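Data file: data.txt. Format and content: compact mmCIF, C-alpha atoms.
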```
# COMPACT_ATOMS: atom_id res chain seq x y z
CA ASP G 1 0.00 0.00 0.00
CA SER G 2 1.60 3.23 -1.21
CA GLY G 3 -0.54 5.49 0.97
CA VAL G 4 -2.04 7.20 -2.08
CA THR G 5 -5.77 6.63 -2.51
CA GLN G 6 -7.87 7.06 -5.61
CA THR G 7 -11.60 6.91 -6.16
CA PRO G 8 -13.49 5.51 -7.85
CA LYS G 9 -11.74 2.27 -8.79
CA HIS G 10 -13.79 1.82 -11.93
CA LEU G 11 -15.89 4.21 -13.95
CA ILE G 12 -18.03 3.45 -16.97
CA THR G 13 -19.62 6.31 -18.83
CA ALA G 14 -20.80 7.32 -22.26
CA THR G 15 -19.20 9.54 -24.86
CA GLY G 16 -19.80 13.22 -24.31
CA GLN G 17 -20.11 12.89 -20.56
CA ARG G 18 -18.01 14.45 -17.81
CA VAL G 19 -16.37 12.63 -14.90
CA THR G 20 -14.27 13.55 -11.89
CA LEU G 21 -11.46 11.40 -10.53
CA ARG G 22 -10.26 11.94 -7.01
CA CYS G 23 -6.86 11.45 -5.40
CA SER G 24 -5.57 11.77 -1.86
CA PRO G 25 -1.77 11.92 -1.61
CA ARG G 26 0.37 10.35 1.10
CA SER G 27 0.28 12.22 4.35
CA GLY G 28 2.66 15.16 4.13
CA ASP G 29 3.24 15.00 0.37
CA LEU G 30 2.69 18.35 -1.27
CA SER G 31 3.08 17.29 -4.91
CA VAL G 32 0.39 15.44 -6.80
CA TYR G 33 0.80 14.13 -10.34
CA TRP G 34 -1.71 12.68 -12.76
CA TYR G 35 -0.73 10.07 -15.34
CA GLN G 36 -2.72 8.33 -18.04
CA GLN G 37 -1.93 4.81 -19.17
CA SER G 38 -3.48 3.43 -22.32
CA LEU G 39 -2.50 0.39 -24.35
CA ASP G 40 -1.17 2.35 -27.29
CA GLN G 41 0.39 5.35 -25.51
CA GLY G 42 1.89 3.79 -22.41
CA LEU G 43 2.25 5.82 -19.23
CA GLN G 44 2.02 9.54 -19.91
CA PHE G 45 2.30 12.47 -17.54
CA LEU G 46 -0.69 14.80 -17.60
CA ILE G 47 -0.30 17.48 -14.95
CA GLN G 48 1.36 18.25 -11.61
CA TYR G 49 0.25 20.33 -8.65
CA TYR G 50 2.41 21.46 -5.78
CA ASN G 51 0.78 22.78 -2.63
CA GLY G 52 -2.31 23.91 -4.49
CA GLU G 53 -0.63 25.44 -7.52
CA GLU G 54 -0.11 24.02 -10.97
CA ARG G 55 3.59 23.19 -11.36
CA ALA G 56 3.97 21.34 -14.66
CA LYS G 57 1.84 20.32 -17.60
CA GLY G 58 2.34 17.35 -19.85
CA ASN G 59 0.19 15.89 -22.59
CA ILE G 60 -3.07 17.01 -21.10
CA LEU G 61 -5.97 17.72 -23.43
CA GLU G 62 -7.91 20.97 -23.17
CA ARG G 63 -10.98 18.91 -22.28
CA PHE G 64 -9.18 17.82 -19.13
CA SER G 65 -8.53 19.95 -16.07
CA ALA G 66 -7.34 19.40 -12.54
CA GLN G 67 -7.02 21.16 -9.25
CA GLN G 68 -5.50 20.62 -5.84
CA PHE G 69 -7.45 21.68 -2.79
CA PRO G 70 -6.20 23.17 0.50
CA ASP G 71 -6.30 19.74 2.13
CA LEU G 72 -3.97 18.64 -0.71
CA HIS G 73 -6.34 16.17 -2.32
CA SER G 74 -6.65 16.55 -6.06
CA GLU G 75 -9.35 16.06 -8.66
CA LEU G 76 -8.97 15.40 -12.36
CA ASN G 77 -11.95 16.47 -14.45
CA LEU G 78 -12.47 14.88 -17.84
CA SER G 79 -15.19 16.33 -20.06
CA SER G 80 -16.67 15.71 -23.50
CA LEU G 81 -15.39 12.19 -23.18
CA GLU G 82 -14.36 10.24 -26.25
CA LEU G 83 -13.79 6.53 -26.74
CA GLY G 84 -10.05 7.19 -26.84
CA ASP G 85 -10.11 8.54 -23.30
CA SER G 86 -10.63 5.02 -22.01
CA ALA G 87 -7.54 4.31 -19.93
CA LEU G 88 -6.12 3.81 -16.49
CA TYR G 89 -5.60 7.09 -14.68
CA PHE G 90 -2.99 7.12 -11.94
CA CYS G 91 -2.30 9.69 -9.31
CA ALA G 92 1.10 9.87 -7.66
CA SER G 93 2.55 11.97 -4.88
CA SER G 94 5.99 12.94 -3.73
CA THR G 95 7.76 15.02 -1.17
CA ARG G 96 10.57 17.50 -1.65
CA ALA G 97 12.52 15.51 0.88
CA GLY G 98 12.23 12.41 -1.24
CA GLY G 99 14.91 11.17 -3.59
CA PRO G 100 15.05 12.23 -7.24
CA LEU G 101 12.31 10.66 -9.32
CA GLU G 102 10.80 8.93 -6.30
CA GLN G 103 7.02 8.97 -6.46
CA TYR G 104 4.29 6.89 -4.90
CA PHE G 105 1.43 5.81 -7.12
CA GLY G 106 -2.16 5.12 -6.24
CA PRO G 107 -4.07 2.04 -7.42
CA GLY G 108 -5.58 3.92 -10.35
CA THR G 109 -9.03 4.57 -11.75
CA ARG G 110 -10.03 2.54 -14.77
CA LEU G 111 -12.18 4.67 -17.04
CA THR G 112 -14.23 3.03 -19.76
CA VAL G 113 -16.01 5.28 -22.24
CA THR G 114 -18.71 3.53 -24.28
CA LEU S 1 15.28 13.51 -18.42
CA ALA S 2 17.90 11.49 -20.26
CA LYS S 3 16.73 9.04 -22.89
CA THR S 4 16.94 5.40 -21.90
CA THR S 5 16.98 2.17 -23.88
CA GLN S 6 16.07 -1.20 -22.41
CA PRO S 7 14.97 -4.55 -23.85
CA ILE S 8 11.30 -4.82 -24.71
CA SER S 9 10.90 -8.21 -23.05
CA MET S 10 12.73 -10.95 -21.19
CA ASP S 11 11.83 -14.46 -20.08
CA SER S 12 13.24 -16.30 -17.09
CA TYR S 13 12.62 -19.47 -15.14
CA GLU S 14 11.73 -19.36 -11.50
CA GLY S 15 14.72 -19.32 -9.16
CA GLN S 16 17.08 -17.71 -11.64
CA GLU S 17 18.78 -14.36 -11.29
CA VAL S 18 17.53 -11.81 -13.81
CA ASN S 19 19.58 -8.88 -15.03
CA ILE S 20 17.92 -6.08 -16.98
CA THR S 21 20.27 -3.57 -18.54
CA CYS S 22 19.37 0.00 -19.35
CA SER S 23 21.44 2.27 -21.60
CA HIS S 24 21.56 5.99 -20.90
CA ASN S 25 24.43 7.39 -22.94
CA ASN S 26 23.46 11.01 -22.37
CA ILE S 27 23.27 10.83 -18.60
CA ALA S 28 24.20 14.13 -16.95
CA THR S 29 26.44 14.64 -13.96
CA ASN S 30 23.55 15.33 -11.60
CA ASP S 31 21.31 12.54 -12.87
CA TYR S 32 20.21 9.60 -10.76
CA ILE S 33 19.07 6.23 -12.09
CA THR S 34 15.74 4.94 -10.87
CA TRP S 35 13.79 1.75 -11.51
CA TYR S 36 10.08 1.19 -11.18
CA GLN S 37 8.09 -2.04 -11.27
CA GLN S 38 4.53 -2.27 -12.54
CA PHE S 39 2.17 -5.20 -12.22
CA PRO S 40 -0.84 -5.41 -14.56
CA SER S 41 -3.55 -2.86 -13.69
CA GLN S 42 -1.55 -1.46 -10.78
CA GLY S 43 0.38 1.76 -10.35
CA PRO S 44 4.16 1.70 -10.82
CA ARG S 45 6.17 1.02 -7.69
CA PHE S 46 9.55 2.58 -6.93
CA ILE S 47 12.04 -0.23 -6.33
CA ILE S 48 15.57 1.15 -6.35
CA GLN S 49 17.67 4.18 -7.11
CA GLY S 50 21.38 4.85 -7.44
CA TYR S 51 24.00 7.31 -8.56
CA LYS S 52 27.14 5.20 -8.95
CA THR S 53 28.65 1.79 -8.11
CA LYS S 54 26.23 -0.59 -6.45
CA VAL S 55 23.04 -0.21 -4.46
CA THR S 56 21.21 -3.09 -2.81
CA ASN S 57 17.92 -3.27 -0.99
CA GLU S 58 15.55 -6.04 0.03
CA VAL S 59 14.09 -6.27 -3.47
CA ALA S 60 16.92 -5.78 -5.95
CA SER S 61 20.44 -4.63 -6.67
CA LEU S 62 21.48 -1.88 -9.03
CA PHE S 63 24.89 -1.95 -10.67
CA ILE S 64 26.25 1.23 -12.23
CA PRO S 65 29.64 1.22 -13.98
CA ALA S 66 32.11 4.05 -13.59
CA ASP S 67 31.07 5.80 -16.83
CA ARG S 68 27.38 5.63 -15.75
CA LYS S 69 26.25 5.20 -19.36
CA SER S 70 24.35 2.08 -18.45
CA SER S 71 22.94 0.36 -15.42
CA THR S 72 21.79 -3.14 -14.57
CA LEU S 73 18.87 -4.05 -12.38
CA SER S 74 19.44 -7.43 -10.80
CA LEU S 75 16.59 -9.48 -9.36
CA PRO S 76 17.84 -12.47 -7.36
CA ARG S 77 16.01 -15.79 -7.58
CA VAL S 78 12.88 -14.55 -9.32
CA SER S 79 9.48 -16.05 -8.66
CA LEU S 80 6.27 -16.00 -10.67
CA SER S 81 5.21 -12.91 -8.72
CA ASP S 82 8.09 -10.94 -10.22
CA THR S 83 6.36 -11.04 -13.61
CA ALA S 84 5.90 -7.34 -14.34
CA VAL S 85 7.09 -4.44 -16.45
CA TYR S 86 10.28 -2.78 -15.25
CA TYR S 87 11.01 0.84 -16.15
CA CYS S 88 14.39 2.57 -16.05
CA LEU S 89 14.31 6.34 -15.56
CA VAL S 90 17.18 8.81 -15.43
CA GLY S 91 17.00 12.39 -14.22
CA ASP S 92 18.11 14.93 -11.67
CA GLY S 93 14.74 16.00 -10.36
CA THR S 94 14.08 16.62 -6.74
CA GLY S 95 11.19 14.72 -5.30
CA ASN S 96 8.98 17.00 -7.35
CA THR S 97 9.63 16.29 -11.00
CA PRO S 98 7.20 14.55 -13.38
CA LEU S 99 8.33 11.14 -14.53
CA VAL S 100 8.81 10.25 -18.17
CA PHE S 101 8.27 6.55 -18.73
CA GLY S 102 9.52 4.63 -21.73
CA LYS S 103 8.08 1.30 -22.80
CA GLY S 104 9.90 -0.63 -20.10
CA THR S 105 10.96 -4.26 -20.08
CA ARG S 106 8.26 -6.88 -19.76
CA LEU S 107 9.67 -9.70 -17.62
CA SER S 108 7.88 -13.02 -17.77
CA VAL S 109 8.83 -15.59 -15.15
CA ILE S 110 8.05 -19.15 -16.10
CA ALA S 111 7.59 -22.06 -13.70
```
Show how you would write the structure in this file as structure tokens.
Amino acid sequence: DSGVTQTPKHLITATGQRVTLRCSPRSGDLSVYWYQQSLDQGLQFLIQYYNGEERAKGNILERFSAQQFPDLHSELNLSSLELGDSALYFCASSTRAGGPLEQYFGPGTRLTVT
Amino acid sequence: LAKTTQPISMDSYEGQEVNITCSHNNIATNDYITWYQQFPSQGPRFIIQGYKTKVTNEVASLFIPADRKSSTLSLPRVSLSDTAVYYCLVGDGTGNTPLVFGKGTRLSVIA
């Protein structure tokens, strides 16, 4: 158990809909990252928040947005969903005191768009 | 983050030692080498990290030659439960840098 929690575990929705994925980082971790893993694209970084502020952006679509709240949990919002958005979405957290490239991943949310 | 190259897949029998080599010719002076393990439908798990020479923990060993242009992850006496994808990452980030994953090495352990 990494200490990072994600809800829901599974999500099935239709094209055009909007969903929200939730992540709670490890206690004390200020950084939260979102990654998408699909069969054809592998693991890809989407966006990072540090202590409530956006820190880095990766291959995140304009239809996707995220935020980190004062209690440090984060939400990833996916809207106007398309079939190609079906993937595993992972949240990870890290601490400044941690070693380089050391992150702790949650169990993921499997999103299926039908 | 420096580009890395590792084998796409490897097979091993249970009980054998498995060595997965990663090439990182453009590694920078401040870069560390980090390995992650990912089981199907689970998040990647940090397993080991090193800067030079050899690092060992309860899960694996990491060998890094003097020129640091490659590294070898060594898994002693693998079992079926070690079947997973192993990713090699190189970079100098603090604990707050996004990770860039390649395709990794898919290790299959056979009974």
Query - Polymer residues at most 8 Å from segment 18-28 of chain S, all atoms listed in the file, same-chain spacing of 6 or more positions, as a PyMOL selection string - result: chain S and resi 2-7+12+68-78+88+90-91+105
Give as a PDB file with C-alpha atoms, in the frame of the given file every residue, naming chains and numbers as the document does, that has an atom within 12 Å of (23.6, -2.9, -6.5), counting all atoms listed in the file.
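Once everything was written out, this is part32.pdb:
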```
ATOM      1  CA  ASN S  19      19.580  -8.880 -15.030  1.00  0.00           C
ATOM      2  CA  ILE S  33      19.070   6.230 -12.090  1.00  0.00           C
ATOM      3  CA  THR S  34      15.740   4.940 -10.870  1.00  0.00           C
ATOM      4  CA  TRP S  35      13.790   1.750 -11.510  1.00  0.00           C
ATOM      5  CA  ILE S  47      12.040  -0.230  -6.330  1.00  0.00           C
ATOM      6  CA  ILE S  48      15.570   1.150  -6.350  1.00  0.00           C
ATOM      7  CA  GLN S  49      17.670   4.180  -7.110  1.00  0.00           C
ATOM      8  CA  GLY S  50      21.380   4.850  -7.440  1.00  0.00           C
ATOM      9  CA  TYR S  51      24.000   7.310  -8.560  1.00  0.00           C
ATOM     10  CA  LYS S  52      27.140   5.200  -8.950  1.00  0.00           C
ATOM     11  CA  THR S  53      28.650   1.790  -8.110  1.00  0.00           C
ATOM     12  CA  LYS S  54      26.230  -0.590  -6.450  1.00  0.00           C
ATOM     13  CA  VAL S  55      23.040  -0.210  -4.460  1.00  0.00           C
ATOM     14  CA  THR S  56      21.210  -3.090  -2.810  1.00  0.00           C
ATOM     15  CA  ASN S  57      17.920  -3.270  -0.990  1.00  0.00           C
ATOM     16  CA  GLU S  58      15.550  -6.040   0.030  1.00  0.00           C
ATOM     17  CA  VAL S  59      14.090  -6.270  -3.470  1.00  0.00           C
ATOM     18  CA  ALA S  60      16.920  -5.780  -5.950  1.00  0.00           C
ATOM     19  CA  SER S  61      20.440  -4.630  -6.670  1.00  0.00           C
ATOM     20  CA  LEU S  62      21.480  -1.880  -9.030  1.00  0.00           C
ATOM     21  CA  PHE S  63      24.890  -1.950 -10.670  1.00  0.00           C
ATOM     22  CA  ILE S  64      26.250   1.230 -12.230  1.00  0.00           C
ATOM     23  CA  PRO S  65      29.640   1.220 -13.980  1.00  0.00           C
ATOM     24  CA  SER S  71      22.940   0.360 -15.420  1.00  0.00           C
ATOM     25  CA  THR S  72      21.790  -3.140 -14.570  1.00  0.00           C
ATOM     26  CA  LEU S  73      18.870  -4.050 -12.380  1.00  0.00           C
ATOM     27  CA  SER S  74      19.440  -7.430 -10.800  1.00  0.00           C
ATOM     28  CA  LEU S  75      16.590  -9.480  -9.360  1.00  0.00           C
ATOM     29  CA  PRO S  76      17.840 -12.470  -7.360  1.00  0.00           C
TER      30      PRO S  76
END
```
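Distance annotation: of G:Gln17, G:Ser31, G:Asn51, G:Gln36, the residue with the minimal separation from chain S is G:Ser31; atom set is only C-alpha atoms.
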Set out as a Markdown table a contact list for chain S and chain G with a cut-off of 9 Å, giving each residue of chain S that qualifies its closest atom pair and distance in Å to one decimal, counting all atoms listed in the file, ordered by chain and rising residue number.
```
| residue | atom | partner | partner_atom | distance |
| --- | --- | --- | --- | --- |
| S:Asp31 | CA | G:Pro100 | CA | 8.4 |
| S:Tyr32 | CA | G:Pro100 | CA | 6.8 |
| S:Ile33 | CA | G:Leu101 | CA | 8.5 |
| S:Thr34 | CA | G:Leu101 | CA | 6.8 |
| S:Ser41 | CA | G:Leu88 | CA | 7.7 |
| S:Gln42 | CA | G:Pro107 | CA | 5.5 |
| S:Gly43 | CA | G:Phe105 | CA | 5.3 |
| S:Pro44 | CA | G:Phe105 | CA | 6.2 |
| S:Arg45 | CA | G:Phe105 | CA | 6.8 |
| S:Phe46 | CA | G:Glu102 | CA | 6.5 |
| S:Gln49 | CA | G:Gly99 | CA | 8.3 |
| S:Leu89 | CA | G:Leu101 | CA | 7.8 |
| S:Val90 | CA | G:Leu101 | CA | 8.0 |
| S:Gly91 | CA | G:Leu101 | CA | 7.0 |
| S:Asp92 | CA | G:Pro100 | CA | 6.0 |
| S:Gly93 | CA | G:Pro100 | CA | 4.9 |
| S:Thr94 | CA | G:Pro100 | CA | 4.5 |
| S:Gly95 | CA | G:Arg96 | CA | 4.6 |
| S:Asn96 | CA | G:Arg96 | CA | 5.9 |
| S:Thr97 | CA | G:Leu101 | CA | 6.5 |
| S:Pro98 | CA | G:Phe45 | CA | 6.8 |
| S:Leu99 | CA | G:Leu101 | CA | 6.6 |
| S:Val100 | CA | G:Phe45 | CA | 6.9 |
| S:Phe101 | CA | G:Leu43 | CA | 6.1 |
| S:Gly102 | CA | G:Gly42 | CA | 7.7 |
| S:Lys103 | CA | G:Gly42 | CA | 6.7 |
```
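Nearest-residue note for Leu72 of chain G: choosing from G:Thr112, G:Asp40, G:Ala14, G:Arg26, the minimum distance belongs to G:Arg26, counting all atoms listed in the file.
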Requested in this report: Please indicate the distance in Å from atom CA of Leu81 of chain G to atom CA of Gln38 of chain S, rounded to one decimal place.
Outcome: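 Taking atom CA of Leu81 of chain G as the start and atom CA of Gln38 of chain S as the end point, the length is 26.8 Å.
By all atoms listed in the file, and with residues fewer than 6 positions from Thr114 of chain G along its chain excluded, the set lying at most 7 Å from it is Thr13, Ala14, Thr15 and Leu83 of chain G.
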